[in-house]
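Pasted below: data.txt, compact mmCIF, N, CA and C atoms and all ligand atoms.
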```
# COMPACT_ATOMS: atom_id res chain seq x y z
N MET A 1 -31.71 -30.26 11.44
CA MET A 1 -33.11 -30.55 11.10
C MET A 1 -33.64 -31.66 12.01
N HIS A 2 -34.91 -31.54 12.36
CA HIS A 2 -35.55 -32.58 13.17
C HIS A 2 -35.51 -33.91 12.39
N PRO A 3 -35.06 -34.99 13.05
CA PRO A 3 -34.92 -36.26 12.31
C PRO A 3 -36.22 -36.75 11.68
N GLN A 4 -37.34 -36.48 12.35
CA GLN A 4 -38.63 -36.92 11.78
C GLN A 4 -38.99 -36.10 10.53
N LEU A 5 -38.59 -34.83 10.53
CA LEU A 5 -38.84 -33.99 9.35
C LEU A 5 -38.01 -34.48 8.18
N GLU A 6 -36.80 -34.94 8.50
CA GLU A 6 -35.94 -35.50 7.47
C GLU A 6 -36.60 -36.73 6.83
N ILE A 7 -37.18 -37.57 7.68
CA ILE A 7 -37.87 -38.76 7.18
C ILE A 7 -39.07 -38.35 6.31
N LEU A 8 -39.82 -37.35 6.78
CA LEU A 8 -41.00 -36.89 6.03
C LEU A 8 -40.61 -36.37 4.64
N LEU A 9 -39.50 -35.64 4.59
CA LEU A 9 -39.05 -35.10 3.29
C LEU A 9 -38.59 -36.23 2.38
N GLU A 10 -37.89 -37.20 2.96
CA GLU A 10 -37.42 -38.32 2.16
C GLU A 10 -38.60 -39.15 1.65
N LEU A 11 -39.59 -39.32 2.52
CA LEU A 11 -40.79 -40.06 2.13
C LEU A 11 -41.49 -39.35 0.96
N GLN A 12 -41.57 -38.02 1.06
CA GLN A 12 -42.23 -37.25 0.01
C GLN A 12 -41.54 -37.46 -1.33
N ASP A 13 -40.21 -37.47 -1.27
CA ASP A 13 -39.41 -37.66 -2.48
C ASP A 13 -39.63 -39.06 -3.05
N LEU A 14 -39.60 -40.06 -2.19
CA LEU A 14 -39.80 -41.44 -2.64
C LEU A 14 -41.20 -41.63 -3.22
N LYS A 15 -42.18 -40.99 -2.59
CA LYS A 15 -43.55 -41.12 -3.09
C LYS A 15 -43.71 -40.49 -4.46
N THR A 16 -43.02 -39.37 -4.70
CA THR A 16 -43.07 -38.73 -6.01
C THR A 16 -42.47 -39.67 -7.06
N GLN A 17 -41.31 -40.24 -6.72
CA GLN A 17 -40.64 -41.20 -7.62
C GLN A 17 -41.56 -42.38 -7.91
N GLN A 18 -42.20 -42.86 -6.83
CA GLN A 18 -43.04 -44.04 -6.95
C GLN A 18 -44.23 -43.76 -7.87
N ARG A 19 -44.85 -42.58 -7.71
CA ARG A 19 -45.98 -42.19 -8.58
C ARG A 19 -45.54 -42.16 -10.03
N GLU A 20 -44.33 -41.63 -10.28
CA GLU A 20 -43.83 -41.54 -11.66
C GLU A 20 -43.61 -42.94 -12.24
N LEU A 21 -43.12 -43.86 -11.41
CA LEU A 21 -42.89 -45.23 -11.88
C LEU A 21 -44.21 -45.92 -12.20
N VAL A 22 -45.22 -45.68 -11.34
CA VAL A 22 -46.53 -46.28 -11.59
C VAL A 22 -47.10 -45.75 -12.91
N GLU A 23 -46.93 -44.45 -13.14
CA GLU A 23 -47.39 -43.85 -14.40
C GLU A 23 -46.62 -44.44 -15.58
N ALA A 24 -45.31 -44.62 -15.42
CA ALA A 24 -44.49 -45.19 -16.49
C ALA A 24 -44.91 -46.62 -16.79
N ALA A 25 -45.28 -47.36 -15.73
CA ALA A 25 -45.70 -48.75 -15.89
C ALA A 25 -46.99 -48.82 -16.70
N GLU A 26 -47.83 -47.78 -16.55
CA GLU A 26 -49.12 -47.78 -17.24
C GLU A 26 -49.03 -47.21 -18.65
N ASP A 27 -47.90 -46.58 -18.95
CA ASP A 27 -47.74 -45.88 -20.21
C ASP A 27 -46.88 -46.72 -21.15
N SER A 28 -47.49 -47.24 -22.22
CA SER A 28 -46.77 -48.16 -23.10
C SER A 28 -45.73 -47.44 -23.96
N SER A 29 -45.76 -46.11 -24.01
CA SER A 29 -44.77 -45.39 -24.80
C SER A 29 -43.38 -45.48 -24.17
N HIS A 30 -43.31 -46.05 -22.96
CA HIS A 30 -42.01 -46.22 -22.30
C HIS A 30 -41.37 -47.57 -22.63
N GLU A 31 -41.98 -48.32 -23.54
CA GLU A 31 -41.46 -49.65 -23.88
C GLU A 31 -39.98 -49.63 -24.24
N ILE A 32 -39.58 -48.63 -25.01
CA ILE A 32 -38.18 -48.58 -25.47
C ILE A 32 -37.25 -48.39 -24.27
N GLU A 33 -37.62 -47.45 -23.40
CA GLU A 33 -36.81 -47.21 -22.20
C GLU A 33 -36.67 -48.48 -21.37
N ARG A 34 -37.76 -49.22 -21.25
CA ARG A 34 -37.71 -50.45 -20.46
C ARG A 34 -36.65 -51.40 -20.98
N LYS A 35 -36.59 -51.51 -22.32
CA LYS A 35 -35.62 -52.45 -22.91
C LYS A 35 -34.21 -51.96 -22.66
N VAL A 36 -34.02 -50.65 -22.73
CA VAL A 36 -32.68 -50.09 -22.52
C VAL A 36 -32.23 -50.32 -21.07
N PHE A 37 -33.12 -50.02 -20.13
CA PHE A 37 -32.70 -50.07 -18.72
C PHE A 37 -32.88 -51.44 -18.09
N ARG A 38 -33.64 -52.32 -18.74
CA ARG A 38 -33.86 -53.68 -18.24
C ARG A 38 -34.47 -53.71 -16.84
N VAL A 39 -35.17 -52.65 -16.47
CA VAL A 39 -35.88 -52.63 -15.20
C VAL A 39 -37.34 -52.38 -15.50
N ARG A 40 -38.20 -53.23 -15.00
CA ARG A 40 -39.61 -52.99 -15.22
C ARG A 40 -40.07 -51.94 -14.20
N PRO A 41 -40.71 -50.84 -14.68
CA PRO A 41 -41.15 -49.80 -13.75
C PRO A 41 -42.03 -50.35 -12.64
N GLU A 42 -42.85 -51.36 -12.95
CA GLU A 42 -43.74 -51.90 -11.92
C GLU A 42 -42.94 -52.60 -10.81
N ASP A 43 -41.81 -53.22 -11.18
CA ASP A 43 -40.96 -53.85 -10.15
C ASP A 43 -40.30 -52.79 -9.28
N ALA A 44 -39.79 -51.75 -9.95
CA ALA A 44 -39.15 -50.66 -9.22
C ALA A 44 -40.16 -49.98 -8.31
N ALA A 45 -41.39 -49.79 -8.81
CA ALA A 45 -42.44 -49.15 -8.02
C ALA A 45 -42.76 -49.98 -6.78
N ALA A 46 -42.80 -51.30 -6.94
CA ALA A 46 -43.11 -52.18 -5.81
C ALA A 46 -41.99 -52.15 -4.77
N GLN A 47 -40.75 -52.08 -5.25
CA GLN A 47 -39.62 -52.01 -4.31
C GLN A 47 -39.63 -50.69 -3.54
N LEU A 48 -39.94 -49.61 -4.26
CA LEU A 48 -40.02 -48.31 -3.59
C LEU A 48 -41.16 -48.31 -2.58
N GLN A 49 -42.28 -48.91 -2.94
CA GLN A 49 -43.42 -48.97 -2.03
C GLN A 49 -43.04 -49.67 -0.72
N ALA A 50 -42.26 -50.75 -0.83
CA ALA A 50 -41.82 -51.48 0.36
C ALA A 50 -40.93 -50.59 1.22
N LYS A 51 -40.05 -49.83 0.57
CA LYS A 51 -39.16 -48.92 1.30
C LYS A 51 -39.97 -47.81 1.97
N ILE A 52 -40.97 -47.30 1.26
CA ILE A 52 -41.83 -46.24 1.81
C ILE A 52 -42.52 -46.74 3.08
N GLU A 53 -43.07 -47.96 3.02
CA GLU A 53 -43.78 -48.49 4.18
C GLU A 53 -42.82 -48.71 5.36
N GLU A 54 -41.60 -49.16 5.04
CA GLU A 54 -40.58 -49.36 6.07
C GLU A 54 -40.26 -48.03 6.77
N MET A 55 -40.14 -46.97 5.97
CA MET A 55 -39.83 -45.65 6.54
C MET A 55 -41.01 -45.07 7.31
N GLU A 56 -42.22 -45.29 6.80
CA GLU A 56 -43.41 -44.78 7.49
C GLU A 56 -43.51 -45.38 8.89
N ALA A 57 -43.03 -46.62 9.02
CA ALA A 57 -43.08 -47.30 10.31
C ALA A 57 -42.13 -46.69 11.33
N THR A 58 -41.18 -45.87 10.87
CA THR A 58 -40.23 -45.24 11.79
C THR A 58 -40.72 -43.87 12.28
N LEU A 59 -41.88 -43.42 11.78
CA LEU A 59 -42.43 -42.15 12.24
C LEU A 59 -43.03 -42.32 13.63
N ALA A 60 -42.88 -41.29 14.47
CA ALA A 60 -43.50 -41.32 15.80
C ALA A 60 -45.03 -41.39 15.61
N PRO A 61 -45.74 -42.08 16.54
CA PRO A 61 -47.18 -42.30 16.34
C PRO A 61 -47.99 -41.02 16.06
N ASP A 62 -47.72 -39.95 16.80
CA ASP A 62 -48.52 -38.72 16.58
C ASP A 62 -48.22 -38.10 15.22
N ILE A 63 -46.97 -38.19 14.79
CA ILE A 63 -46.59 -37.65 13.49
C ILE A 63 -47.16 -38.54 12.38
N ALA A 64 -47.11 -39.84 12.58
CA ALA A 64 -47.66 -40.78 11.59
C ALA A 64 -49.15 -40.54 11.40
N ASN A 65 -49.87 -40.27 12.49
CA ASN A 65 -51.32 -40.01 12.39
C ASN A 65 -51.59 -38.77 11.55
N ARG A 66 -50.88 -37.68 11.86
CA ARG A 66 -51.06 -36.43 11.12
C ARG A 66 -50.70 -36.62 9.65
N TYR A 67 -49.60 -37.33 9.42
CA TYR A 67 -49.12 -37.62 8.06
C TYR A 67 -50.22 -38.31 7.23
N ARG A 68 -50.87 -39.31 7.85
CA ARG A 68 -51.93 -40.04 7.13
C ARG A 68 -53.13 -39.13 6.87
N VAL A 69 -53.49 -38.30 7.85
CA VAL A 69 -54.62 -37.40 7.69
C VAL A 69 -54.35 -36.42 6.53
N ILE A 70 -53.14 -35.87 6.48
CA ILE A 70 -52.80 -34.90 5.42
C ILE A 70 -52.87 -35.60 4.06
N LEU A 71 -52.29 -36.81 3.99
CA LEU A 71 -52.22 -37.48 2.68
C LEU A 71 -53.59 -37.97 2.21
N ASP A 72 -54.57 -38.03 3.11
CA ASP A 72 -55.94 -38.33 2.68
C ASP A 72 -56.50 -37.17 1.86
N ARG A 73 -56.01 -35.97 2.17
CA ARG A 73 -56.58 -34.77 1.56
C ARG A 73 -55.68 -34.14 0.51
N ARG A 74 -54.35 -34.39 0.63
CA ARG A 74 -53.41 -33.68 -0.22
C ARG A 74 -52.39 -34.64 -0.81
N ALA A 75 -51.76 -34.23 -1.92
CA ALA A 75 -50.76 -35.08 -2.57
C ALA A 75 -49.46 -35.10 -1.79
N ARG A 76 -49.19 -34.00 -1.04
CA ARG A 76 -47.92 -33.88 -0.34
C ARG A 76 -48.16 -33.59 1.14
N ALA A 77 -47.35 -34.20 1.99
CA ALA A 77 -47.52 -34.01 3.44
C ALA A 77 -46.69 -32.83 3.95
N VAL A 78 -45.60 -32.51 3.24
CA VAL A 78 -44.71 -31.44 3.68
C VAL A 78 -44.80 -30.29 2.68
N ALA A 79 -44.97 -29.07 3.21
CA ALA A 79 -45.00 -27.88 2.35
C ALA A 79 -43.83 -26.98 2.69
N PRO A 80 -43.12 -26.46 1.68
CA PRO A 80 -42.06 -25.51 1.96
C PRO A 80 -42.64 -24.17 2.40
N VAL A 81 -41.91 -23.46 3.22
CA VAL A 81 -42.28 -22.09 3.62
C VAL A 81 -41.23 -21.15 3.07
N LEU A 82 -41.69 -20.22 2.23
CA LEU A 82 -40.80 -19.20 1.67
C LEU A 82 -41.35 -17.84 2.04
N SER A 83 -40.49 -16.98 2.57
CA SER A 83 -40.89 -15.63 2.97
C SER A 83 -42.15 -15.64 3.82
N GLY A 84 -42.23 -16.59 4.73
CA GLY A 84 -43.36 -16.63 5.65
C GLY A 84 -44.67 -17.11 5.05
N ILE A 85 -44.63 -17.67 3.82
CA ILE A 85 -45.84 -18.17 3.16
C ILE A 85 -45.76 -19.69 3.07
N CYS A 86 -46.83 -20.37 3.51
CA CYS A 86 -46.92 -21.82 3.36
C CYS A 86 -47.25 -22.12 1.90
N TYR A 87 -46.41 -22.92 1.23
CA TYR A 87 -46.66 -23.23 -0.18
C TYR A 87 -47.63 -24.40 -0.36
N GLY A 88 -48.18 -24.87 0.76
CA GLY A 88 -49.26 -25.86 0.66
C GLY A 88 -50.58 -25.15 0.39
N CYS A 89 -50.76 -23.96 0.97
CA CYS A 89 -52.05 -23.25 0.85
C CYS A 89 -51.89 -21.76 0.54
N PHE A 90 -50.64 -21.27 0.51
CA PHE A 90 -50.34 -19.87 0.21
C PHE A 90 -50.92 -18.89 1.23
N MET A 91 -51.03 -19.38 2.46
CA MET A 91 -51.43 -18.50 3.56
C MET A 91 -50.17 -18.15 4.36
N THR A 92 -50.27 -17.07 5.11
CA THR A 92 -49.14 -16.62 5.92
C THR A 92 -48.98 -17.50 7.15
N VAL A 93 -47.75 -17.88 7.42
CA VAL A 93 -47.44 -18.62 8.64
C VAL A 93 -47.18 -17.59 9.74
N PRO A 94 -47.89 -17.68 10.88
CA PRO A 94 -47.68 -16.69 11.95
C PRO A 94 -46.21 -16.56 12.31
N THR A 95 -45.70 -15.33 12.32
CA THR A 95 -44.27 -15.12 12.59
C THR A 95 -43.94 -15.37 14.06
N ALA A 96 -45.00 -15.49 14.89
CA ALA A 96 -44.76 -15.79 16.30
C ALA A 96 -44.16 -17.19 16.46
N LEU A 97 -44.41 -18.05 15.46
CA LEU A 97 -43.85 -19.40 15.53
C LEU A 97 -42.36 -19.34 15.22
N PRO A 98 -41.56 -20.13 15.92
CA PRO A 98 -40.14 -20.20 15.54
C PRO A 98 -40.02 -20.74 14.11
N GLN A 99 -39.29 -20.02 13.27
CA GLN A 99 -39.13 -20.44 11.86
C GLN A 99 -37.94 -21.40 11.78
N SER A 100 -38.09 -22.56 12.30
CA SER A 100 -36.97 -23.47 12.41
C SER A 100 -37.38 -24.89 12.01
N ASN A 101 -36.45 -25.58 11.38
CA ASN A 101 -36.71 -26.98 11.02
C ASN A 101 -36.25 -27.93 12.12
N GLU A 102 -35.83 -27.35 13.25
CA GLU A 102 -35.40 -28.19 14.37
C GLU A 102 -36.61 -28.75 15.12
N GLU A 103 -37.78 -28.17 14.86
CA GLU A 103 -39.00 -28.66 15.49
C GLU A 103 -39.98 -29.06 14.40
N ILE A 104 -40.86 -29.99 14.75
CA ILE A 104 -41.92 -30.36 13.81
C ILE A 104 -43.06 -29.35 13.96
N ARG A 105 -43.36 -28.63 12.89
CA ARG A 105 -44.45 -27.67 12.90
C ARG A 105 -45.40 -28.00 11.75
N TRP A 106 -46.63 -27.54 11.90
CA TRP A 106 -47.53 -27.71 10.75
C TRP A 106 -48.34 -26.44 10.57
N CYS A 107 -48.87 -26.30 9.35
CA CYS A 107 -49.63 -25.11 8.99
C CYS A 107 -51.01 -25.19 9.63
N GLU A 108 -51.42 -24.09 10.29
CA GLU A 108 -52.73 -24.12 10.95
C GLU A 108 -53.87 -23.98 9.94
N HIS A 109 -53.57 -23.63 8.69
CA HIS A 109 -54.60 -23.50 7.66
C HIS A 109 -54.82 -24.81 6.91
N CYS A 110 -53.72 -25.39 6.39
CA CYS A 110 -53.89 -26.60 5.55
C CYS A 110 -53.40 -27.87 6.25
N GLY A 111 -52.73 -27.74 7.38
CA GLY A 111 -52.31 -28.92 8.13
C GLY A 111 -50.99 -29.52 7.69
N SER A 112 -50.42 -29.02 6.58
CA SER A 112 -49.15 -29.57 6.07
C SER A 112 -48.03 -29.40 7.09
N PHE A 113 -47.12 -30.37 7.13
CA PHE A 113 -45.89 -30.17 7.88
C PHE A 113 -45.11 -29.07 7.17
N LEU A 114 -44.44 -28.23 7.94
CA LEU A 114 -43.75 -27.09 7.36
C LEU A 114 -42.26 -27.31 7.29
N TYR A 115 -41.70 -26.96 6.14
CA TYR A 115 -40.26 -27.03 5.92
C TYR A 115 -39.80 -25.63 5.54
N PHE A 116 -39.05 -25.01 6.46
CA PHE A 116 -38.63 -23.61 6.25
C PHE A 116 -37.43 -23.56 5.32
N VAL A 117 -37.61 -22.93 4.17
CA VAL A 117 -36.58 -22.87 3.16
C VAL A 117 -35.64 -21.69 3.39
N ASP A 118 -36.20 -20.58 3.90
CA ASP A 118 -35.31 -19.43 4.15
C ASP A 118 -35.53 -18.90 5.55
ZN ZN B 1 -50.66 -24.24 4.64
```
For the structure just supplied, provide its representation as C-alpha cells.
Ligand SMILES: [Zn+2]
Amino acid sequence: MHPQLEILLELQDLKTQQRELVEAAEDSSHEIERKVFRVRPEDAAAQLQAKIEEMEATLAPDIANRYRVILDRRARAVAPVLSGICYGCFMTVPTALPQSNEEIRWCEHCGSFLYFVD
C-alpha cells in the first residue's frame, strides 16, 4: 500500500475515534463509564487531536491540500471501492484506472481518496 494512503486511512480511523470521544464528553449519560475508566473523554479527545495534527503534518503537500478540500465537504477523506463502485458517492470508478492501493487515486465524481477493497 502507498505509505501516504496508509496515513490517510489511519487518520480517518483516529478522526472517527476522536468524534466519538467528543460526543461522549458532551453526553452526561457516560458519567458512570468515566468513573470506571478514570479517563476523561475530553482529555482523550485532546490527545487524539494532537496525534491527528502530527500525522497530518506528514502528508505530502499536494495530498494534504486535497485532504483538506475533501474534509471541508465530506465527513471522510477516504472511500472504499467495492466491485468498481466508489462508496463515497456510489458512482462507478473507471476500470481504465489501475485498481491498486500502491498509488494514490481519487474519485473523479466526489474527490475522495480511493481505497480498493477487492
Ligand atoms: Zn466517489
Expected answer as a PDB file with N, CA and C atoms, in the coordinates of the input: residues within 6 Å of ligand ZN 1 (chain B), all atoms listed in the file:
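Result went into pocket23.pdb, see below:
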```
ATOM      1  N   CYS A  86     -46.830 -20.370   3.510  1.00  0.00           N
ATOM      2  CA  CYS A  86     -46.920 -21.820   3.360  1.00  0.00           C
ATOM      3  C   CYS A  86     -47.250 -22.120   1.900  1.00  0.00           C
ATOM      4  N   TYR A  87     -46.410 -22.920   1.230  1.00  0.00           N
ATOM      5  CA  TYR A  87     -46.660 -23.230  -0.180  1.00  0.00           C
ATOM      6  C   TYR A  87     -47.630 -24.400  -0.360  1.00  0.00           C
ATOM      7  N   GLY A  88     -48.180 -24.870   0.760  1.00  0.00           N
ATOM      8  CA  GLY A  88     -49.260 -25.860   0.660  1.00  0.00           C
ATOM      9  C   GLY A  88     -50.580 -25.150   0.390  1.00  0.00           C
ATOM     10  N   CYS A  89     -50.760 -23.960   0.970  1.00  0.00           N
ATOM     11  CA  CYS A  89     -52.050 -23.250   0.850  1.00  0.00           C
ATOM     12  C   CYS A  89     -51.890 -21.760   0.540  1.00  0.00           C
ATOM     13  N   PHE A  90     -50.640 -21.270   0.510  1.00  0.00           N
ATOM     14  CA  PHE A  90     -50.340 -19.870   0.210  1.00  0.00           C
ATOM     15  C   PHE A  90     -50.920 -18.890   1.230  1.00  0.00           C
ATOM     16  N   MET A  91     -51.030 -19.380   2.460  1.00  0.00           N
ATOM     17  CA  MET A  91     -51.430 -18.500   3.560  1.00  0.00           C
ATOM     18  C   MET A  91     -50.170 -18.150   4.360  1.00  0.00           C
ATOM     19  N   CYS A 107     -48.870 -26.300   9.350  1.00  0.00           N
ATOM     20  CA  CYS A 107     -49.630 -25.110   8.990  1.00  0.00           C
ATOM     21  C   CYS A 107     -51.010 -25.190   9.630  1.00  0.00           C
ATOM     22  N   GLU A 108     -51.420 -24.090  10.290  1.00  0.00           N
ATOM     23  CA  GLU A 108     -52.730 -24.120  10.950  1.00  0.00           C
ATOM     24  C   GLU A 108     -53.870 -23.980   9.940  1.00  0.00           C
ATOM     25  N   HIS A 109     -53.570 -23.630   8.690  1.00  0.00           N
ATOM     26  CA  HIS A 109     -54.600 -23.500   7.660  1.00  0.00           C
ATOM     27  C   HIS A 109     -54.820 -24.810   6.910  1.00  0.00           C
ATOM     28  N   CYS A 110     -53.720 -25.390   6.390  1.00  0.00           N
ATOM     29  CA  CYS A 110     -53.890 -26.600   5.550  1.00  0.00           C
ATOM     30  C   CYS A 110     -53.400 -27.870   6.250  1.00  0.00           C
ATOM     31  N   GLY A 111     -52.730 -27.740   7.380  1.00  0.00           N
ATOM     32  CA  GLY A 111     -52.310 -28.920   8.130  1.00  0.00           C
ATOM     33  C   GLY A 111     -50.990 -29.520   7.690  1.00  0.00           C
ATOM     34  N   SER A 112     -50.420 -29.020   6.580  1.00  0.00           N
ATOM     35  CA  SER A 112     -49.150 -29.570   6.070  1.00  0.00           C
ATOM     36  C   SER A 112     -48.030 -29.400   7.090  1.00  0.00           C
TER      37      SER A 112
END
```
Using only N, CA and C atoms: which of A:Glu56, A:Glu6, A:Asp118, A:Glu42 has the shortest distance to A:Leu82:
A:Asp118
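Of the residues under consideration (A:Leu71, A:Leu5, A:Ala57, A:Ala44), A:Leu5 shows the shortest atom-to-atom contact distance to A:Tyr115 when counting all atoms listed in the file.
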Run DSSP on the backbone and grab whatever in chain A lands in strand (DSSP E or B); send it over as JSON, numbers by chain.
{"A": [78, 79, 80, 81, 82, 85, 86, 92, 106, 113, 114, 115, 116]}
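For the pair atom CA of A:Val78 and atom C of A:Glu20, the separation is 19.7 Å.
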Any idea what's packed within 8 Å of A:Gln99, counting all atoms listed in the file, ignoring anything in its chain fewer than 2 positions away? Could you give it as a PyMOL selection string?
chain A and resi 94-97+101-103+115-118
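Between atom C of A:Lys51 and atom CA of A:Ser29 the separation is 27.3 Å.
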Can you tell me which residues surround stretch 9-14 of chain A at a distance of at most 8 Å, considering all atoms listed in the file, apart from same-chain residues fewer than 5 positions away, and format the answer as JSON, numbers by chain?
{"A": [3, 4, 19, 20, 48, 49, 51, 52, 55, 56, 75, 76, 77, 78]}
Calculate how many Å separate atom CA of A:Pro61 from atom CA of A:Val22, rounding to one decimal.
28.2 Å
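Using only N, CA and C atoms, the smallest distance between any of A:Leu21, A:Ser100, A:Leu114, A:Glu53 and A:Ala79 comes from A:Leu114.
Residue nearest A:Arg66 within the list A:Ser83, A:Ile104, A:Val39, A:Phe113: A:Phe113 [criterion: smallest interatomic distance, all atoms listed in the file].
Compared by their closest atoms to A:Glu23, and using only N, CA and C atoms, the residues A:Glu54, A:Ile85, A:Pro41, A:Pro98 rank with A:Pro41 nearest.
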Helix (DSSP H, G or I) positions in chain A, given as a VMD selection string:
chain A and resid 3 to 26 28 to 37 41 to 56 61 to 73
